[in-house]
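A.B. asks: Dropping the structure in here first, questions after.
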Amino acid sequence: LPRVPAVLKKRLVKLVVNFLFYFRTDEAEPIGALLLEHCKITKEEENIFSISFIEEPERKYCFECATEEQCQEWVEALKRASYEFLRRSLIFYRNEIQKMTGKDPLEQYGISEEARFQLGAHRQ
Amino acid sequence: MKLNERSLAFYATCDSPADNSGFLYKRGERHTAYHRRWFVLKGNMLFYFEERDSREPVGVIVLEGCNVELCDSTEGFAFAIRFGGTKSRTYVLAAESQAAMESWVKSLSRASFDYMRLVVRELEKQLQEMSRGLPGGCAGSREPPGPWKPKPSGPEQSRERLPALPAVLPKENGCAVWNNMLGEGGLPDTSGCGGHDEESSPRPPPLPPRRRVSNGEAASAGAAVTESPSTFCRLHEQYSREVARLRQDWQQRRRGPRP
């Protein structure tokens with residue numbers, strides 16, 4: 001797992017599903033975690049990216065990486081880390097396959113009626 | 001452990017669509033009394049509130065690596081969310097009806113990110129296999145190069161190309177606005193396109209479609225990756241004109257004299 005030295009503190013950072021955990025480099029338990037939903041990942045200056053959240057856009061969590069390449073990798077990974085992103089991908093693929101084959105690929109899993117896989121807002 | 005609680009609370013209460021919601025009884029941790037709470041399932045997070053209109057959740061259960069099971073309890077319609085690990089707590093919940101219980105068990109057992117990812121990977125694989133299995137040449141005389149173009153002797157589709165695909169946005173999805181995906185790509189709404197006819201299709205818009213499937217049957221135009229919202233708007237504009245024209249042609253042909 002890449003080490004991501006932050007501007008002030010050196011931390012070990014781990015992306016697990018839609019959470020970004022951060023650890024002190026010598027500890028096994030994380031100090032904290034960020035839920036990566038409704039957030040914006042921004043590439044800042046060299047080697048640096050930031051995460052900010054919709055309800056507090058001025059507050060940026062900054063991360064400095066060892067290399068620019070690593071920084072790009074993180075930015076790409078984090079942009080795809082949200083559950084909502086995954087959901088949209090699923091809906092997209094489902095539609096594409098359905099267009100190509102005329103069949104709903106989710107039917108075989110028995111989940112075609114699930115609310116979470118429907119296109120369009122399903123407000124309750 | 002610290003958590004960005006404000007962001008969590010925002011996610012819980014914002015108007016992005018919930019995957020399930022309703023009243024459930026939750027058994028207390030130490031005392032076995034049940035408390036009625038308003039539950040909201042979004043993605044892999046199960047939030048619960050004291051009241052339906054509470055502004056902040058009382059708690060959240062992250063649904064990764066858990067098992068959802070029915071249990072027989074004096075409360076009736078009860079089910080449990082069980083986590084591995086000795087220190088982990090089991091959450092016992094009870095619904096108010098058989099139907100509600102079944103609906104919750106179903107949606108909770110499929111709520112994990114891991115499950116979603118599995119399904120997405122499976123669909124990705126299917127799509128990959130289908131595009132590789134396409135006939136080498138496509139009908140169009142001008143086949144723009146693109147990562148999805150089936151090459152007769154080309155290399156296998158590299159997996160790296162695929163992740164770029166989902167940077168698209170069905171416009172209906174209300175969550176779209178904030179996520180920075182919006183600036184990166186757009187999928188034109190191609191649902192209006194009818195079947196392709198024998199003649200060559202009209203020229204595609206300036207940005208090459210990523211994929212063109214054309215074998216005389218209903219085809220789908222691929223999405224072009226656009227670099228900015230303004231290009232996407234233009235692309236959308238062009239596709240809708242093209243679609244409108246195709247529809248017109250098709251309708252005229254239908255009305256025309258049949259041999």
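Chain labels A, B, ... are given in the sequence in which chains occur in the structure tokens; within each chain residues are numbered consecutively from 1, and ligands are likewise numbered from 1 in the order shown.
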Extract, using only C-alpha atoms, all DNA, RNA and protein residues at most 8 Å from Met1 (chain B), discarding same-chain residues fewer than 6 positions from it, and format them as a list in words.
C.D. replies: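 Final neighbour list, sorted by chain and number: Pro30, Ile31, Gly32 and Ala33 of chain A.
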A.B. asks: Tell me, as number ranges by chain, which residues lie within 12 Å of Ser109 (chain B), counting only C-alpha atoms; anything in the same chain fewer than 5 positions away does not count.
C.D. replies: A: 111, 114; B: 41, 43-46, 63-70, 79-82, 102-104, 114-116
A.B. asks: Determine, using only C-alpha atoms, which residues of chain A have any atom at most 8 Å from an atom of chain B, and tabulate each with its shortest atom pair and distance in Å to one decimal place, rows ordered by chain and then rising number, as CSV.
C.D. replies:
residue,atom,partner,partner_atom,distance
A:Val17,CA,B:Phe113,CA,6.2
A:Asn18,CA,B:Phe113,CA,7.6
A:Pro30,CA,B:Met1,CA,6.8
A:Ile31,CA,B:Met1,CA,5.3
A:Gly32,CA,B:Lys2,CA,4.2
A:Ala33,CA,B:Leu3,CA,5.1
A:Leu34,CA,B:Asn4,CA,5.5
A:Leu35,CA,B:Asn4,CA,6.7
A:Glu37,CA,B:Tyr11,CA,7.1
A:His38,CA,B:Asn179,CA,6.0
A:Cys39,CA,B:Asn179,CA,6.4
A:Lys40,CA,B:Asn180,CA,5.8
A:Ile41,CA,B:Asn180,CA,7.3
A:Phe53,CA,B:Ser7,CA,6.8
A:Ile54,CA,B:Trp178,CA,7.0
A:Glu55,CA,B:Ser7,CA,6.9
A:Lys79,CA,B:Met181,CA,7.6
A:Tyr83,CA,B:Gly43,CA,6.0
A:Glu84,CA,B:Gly43,CA,7.3
A:Phe85,CA,B:Pro166,CA,7.9
A:Leu86,CA,B:Arg117,CA,6.9
A:Arg87,CA,B:Met116,CA,7.3
A:Arg88,CA,B:Leu169,CA,7.1
A:Ser89,CA,B:Pro166,CA,4.8
A:Leu90,CA,B:Val120,CA,5.2
A:Phe92,CA,B:Pro166,CA,6.9
A:Tyr93,CA,B:Leu123,CA,6.2
A:Arg94,CA,B:Leu123,CA,7.0
A:Glu96,CA,B:Ser220,CA,7.6
A:Ile97,CA,B:Leu127,CA,6.4
A:Lys99,CA,B:Ser220,CA,6.4
A:Met100,CA,B:Ala219,CA,6.7
A:Pro105,CA,B:Leu123,CA,7.5
A:Glu114,CA,B:Ser107,CA,7.7
A:Ala115,CA,B:Asp19,CA,6.0
A:Arg116,CA,B:Asp19,CA,5.5
A:Leu119,CA,B:Asn173,CA,7.0
A:Gly120,CA,B:Glu172,CA,4.7
A:Ala121,CA,B:Asn173,CA,5.7
A:His122,CA,B:Pro17,CA,5.7
A:Arg123,CA,B:Pro17,CA,5.2
A:Gln124,CA,B:Ala18,CA,7.1
A.B. asks: Nearest to Tyr61 (chain A) among A:Ala77, A:Leu20, A:Leu12, A:Ala28, with distances taken over only C-alpha atoms: which residue is it?
C.D. replies: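 Of all the options, A:Leu20 lies closest to Tyr61 (chain A).
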A.B. asks: Let's see if you can do this: from backbone DSSP, list all helix (DSSP H, G or I) residues in chain A, as a PyMOL selection string.
C.D. replies: chain A and resi 68-79+83-101+107-109+115-117
A.B. asks: CA of Val13 (chain A) and CA of Arg89 (chain B) are how many Å apart?
C.D. replies: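 Computing the Euclidean distance for CA of Val13 (chain A) and CA of Arg89 (chain B) yields 26.1 Å.
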A.B. asks: Please return, as an MDAnalysis selection string, all residues of chain A that DSSP assigns to strand (DSSP E) on the basis of the backbone.
C.D. replies: chainID A and resid 3:5 10:16 19:24 32:35 39:43 48:53 56:64
A.B. asks: Selected residues, N, CA and C atoms, written as a CSV table (one decimal), in the first residue's frame, please.
C.D. replies:
chain,number,residue,atom,x,y,z
A,3,ARG,N,2.5,4.7,0.7
A,3,ARG,CA,2.5,5.7,1.8
A,3,ARG,C,2.2,7.1,1.2
A,4,VAL,N,1.4,7.8,1.8
A,4,VAL,CA,1.0,9.1,1.3
A,4,VAL,C,1.4,10.1,2.4
A,5,PRO,N,2.5,10.7,2.3
A,5,PRO,CA,2.8,11.7,3.3
A,5,PRO,C,2.0,13.0,3.1
A,10,LYS,N,2.7,12.5,8.3
A,10,LYS,CA,2.9,11.3,7.4
A,10,LYS,C,1.9,10.2,7.9
A,11,ARG,N,1.1,9.8,6.9
A,11,ARG,CA,0.1,8.8,7.2
A,11,ARG,C,0.1,7.7,6.2
A,12,LEU,N,-0.4,6.5,6.7
A,12,LEU,CA,-0.6,5.4,5.7
A,12,LEU,C,-2.1,5.5,5.4
A,13,VAL,N,-2.4,5.5,4.1
A,13,VAL,CA,-3.7,5.7,3.7
A,13,VAL,C,-4.2,4.5,2.9
A,14,LYS,N,-5.4,4.0,3.2
A,14,LYS,CA,-5.9,2.8,2.6
A,14,LYS,C,-7.3,3.0,2.1
A,15,LEU,N,-7.5,2.7,0.8
A,15,LEU,CA,-8.9,2.8,0.3
A,15,LEU,C,-9.6,1.5,0.3
A,16,VAL,N,-10.7,1.4,1.1
A,16,VAL,CA,-11.4,0.2,1.2
A,16,VAL,C,-12.9,0.5,0.9
A,19,PHE,N,-14.5,4.0,1.6
A,19,PHE,CA,-13.9,4.6,2.7
A,19,PHE,C,-12.4,4.8,2.5
A,20,LEU,N,-11.9,6.0,2.9
A,20,LEU,CA,-10.5,6.2,2.9
A,20,LEU,C,-10.0,6.2,4.3
A,21,PHE,N,-9.3,5.1,4.7
A,21,PHE,CA,-8.8,5.0,6.1
A,21,PHE,C,-7.5,5.6,6.2
A,22,TYR,N,-7.1,6.2,7.3
A,22,TYR,CA,-5.8,6.7,7.5
A,22,TYR,C,-5.2,6.3,8.8
A,23,PHE,N,-4.0,5.9,8.8
A,23,PHE,CA,-3.3,5.3,10.0
A,23,PHE,C,-2.0,6.1,10.3
A,24,ARG,N,-1.6,6.0,11.5
A,24,ARG,CA,-0.3,6.4,11.9
A,24,ARG,C,0.6,5.3,11.3
A,32,GLY,N,-8.7,7.3,11.6
A,32,GLY,CA,-10.0,7.8,11.2
A,32,GLY,C,-10.3,7.3,9.7
A,33,ALA,N,-11.4,7.8,9.3
A,33,ALA,CA,-11.8,7.4,7.9
A,33,ALA,C,-12.7,8.5,7.3
A,34,LEU,N,-12.6,8.6,6.0
A,34,LEU,CA,-13.5,9.5,5.3
A,34,LEU,C,-14.4,8.7,4.4
A,35,LEU,N,-15.7,9.0,4.5
A,35,LEU,CA,-16.7,8.3,3.6
A,35,LEU,C,-16.7,9.1,2.3
A,39,CYS,N,-18.4,13.6,-2.8
A,39,CYS,CA,-17.2,14.4,-2.6
A,39,CYS,C,-16.6,14.7,-3.9
A,40,LYS,N,-15.6,15.6,-3.9
A,40,LYS,CA,-15.0,16.1,-5.1
A,40,LYS,C,-13.5,15.9,-4.9
A,41,ILE,N,-12.9,15.2,-5.9
A,41,ILE,CA,-11.4,14.9,-5.8
A,41,ILE,C,-10.8,15.9,-6.8
A,42,THR,N,-9.9,16.7,-6.3
A,42,THR,CA,-9.2,17.7,-7.1
A,42,THR,C,-7.7,17.5,-7.2
A,43,LYS,N,-7.2,17.5,-8.4
A,43,LYS,CA,-5.7,17.5,-8.5
A,43,LYS,C,-5.2,18.9,-8.2
A,48,ILE,N,0.1,16.7,-5.4
A,48,ILE,CA,-0.9,16.9,-4.3
A,48,ILE,C,-2.3,16.8,-4.9
A,49,PHE,N,-3.2,16.1,-4.2
A,49,PHE,CA,-4.6,16.1,-4.5
A,49,PHE,C,-5.4,16.5,-3.2
A,50,SER,N,-6.6,16.8,-3.4
A,50,SER,CA,-7.5,17.1,-2.3
A,50,SER,C,-8.8,16.5,-2.4
A,51,ILE,N,-9.4,16.3,-1.2
A,51,ILE,CA,-10.8,15.8,-1.2
A,51,ILE,C,-11.6,16.8,-0.5
A,52,SER,N,-12.8,17.2,-1.1
A,52,SER,CA,-13.7,18.1,-0.4
A,52,SER,C,-15.1,17.6,-0.5
A,53,PHE,N,-15.9,17.9,0.4
A,53,PHE,CA,-17.3,17.4,0.5
A,53,PHE,C,-18.3,18.5,0.2
A,56,GLU,N,-19.5,21.1,2.7
A,56,GLU,CA,-18.4,22.0,3.2
A,56,GLU,C,-17.3,22.2,2.2
A,57,PRO,N,-17.6,22.8,1.1
A,57,PRO,CA,-16.7,22.8,-0.1
A,57,PRO,C,-15.4,23.5,0.2
A,58,GLU,N,-15.3,24.4,1.1
A,58,GLU,CA,-14.1,25.1,1.4
A,58,GLU,C,-13.1,24.3,2.1
A,59,ARG,N,-13.6,23.3,2.8
A,59,ARG,CA,-12.7,22.5,3.6
A,59,ARG,C,-12.1,21.4,2.8
A,60,LYS,N,-10.8,21.5,2.6
A,60,LYS,CA,-10.1,20.5,1.8
A,60,LYS,C,-9.2,19.6,2.6
A,61,TYR,N,-9.3,18.3,2.4
A,61,TYR,CA,-8.4,17.4,3.0
A,61,TYR,C,-7.3,17.2,1.9
A,62,CYS,N,-6.1,17.6,2.2
A,62,CYS,CA,-5.0,17.6,1.3
A,62,CYS,C,-4.1,16.4,1.5
A,63,PHE,N,-3.6,15.8,0.4
A,63,PHE,CA,-2.7,14.7,0.4
A,63,PHE,C,-1.6,14.9,-0.5
A,64,GLU,N,-0.4,14.7,0.0
A,64,GLU,CA,0.8,14.9,-0.9
A,64,GLU,C,1.4,13.5,-1.1
A.B. asks: Any idea what the distance is between CA of Phe23 (chain B) and CA of Phe117 (chain A)?
C.D. replies: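 Separation between CA of Phe23 (chain B) and CA of Phe117 (chain A): 22.8 Å.
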A.B. asks: Between CA of Gln128 (chain B) and CA of Ala81 (chain A), what is the distance in Å, rounded to a tenth?
C.D. replies: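 Interatomic distance here is 21.7 Å.
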A.B. asks: Would you mind telling me which residue in A:Ser112, A:Leu36, A:Glu76, A:Thr25 lies nearest to Asn95 (chain A) when using only C-alpha atoms?
C.D. replies: A:Ser112
A.B. asks: Write out as an mmCIF file with C-alpha atoms, in the first residue's frame each polymer residue whose atoms come within 6 Å of Asn47 (chain A), counting only C-alpha atoms; drop sequence neighbours fewer than 5 positions from it.
C.D. replies:
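Heads up, here's the output in out_1.cif:
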data_model
loop_
_atom_site.group_PDB
_atom_site.id
_atom_site.type_symbol
_atom_site.label_atom_id
_atom_site.label_comp_id
_atom_site.auth_asym_id
_atom_site.auth_seq_id
_atom_site.Cartn_x
_atom_site.Cartn_y
_atom_site.Cartn_z
ATOM 1 C CA GLU A 64 0.801 14.870 -0.865
ATOM 2 C CA CYS A 65 2.141 11.847 -2.651
ATOM 3 C CA THR A 67 5.435 11.001 -6.991
ATOM 4 C CA GLU A 68 3.188 12.641 -9.553
ATOM 5 C CA CYS A 71 -0.877 11.149 -7.280
#
A.B. asks: Using only C-alpha atoms, which residues sit within 10 Å of Glu51 (chain B) once same-chain residues fewer than 6 positions away are excluded, as a list in words?
C.D. replies: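 So, after excluding close chain neighbours, the residues are Phe23, Arg36, Arg37, Trp38, Phe39, Pro57 and Val58 of chain B.
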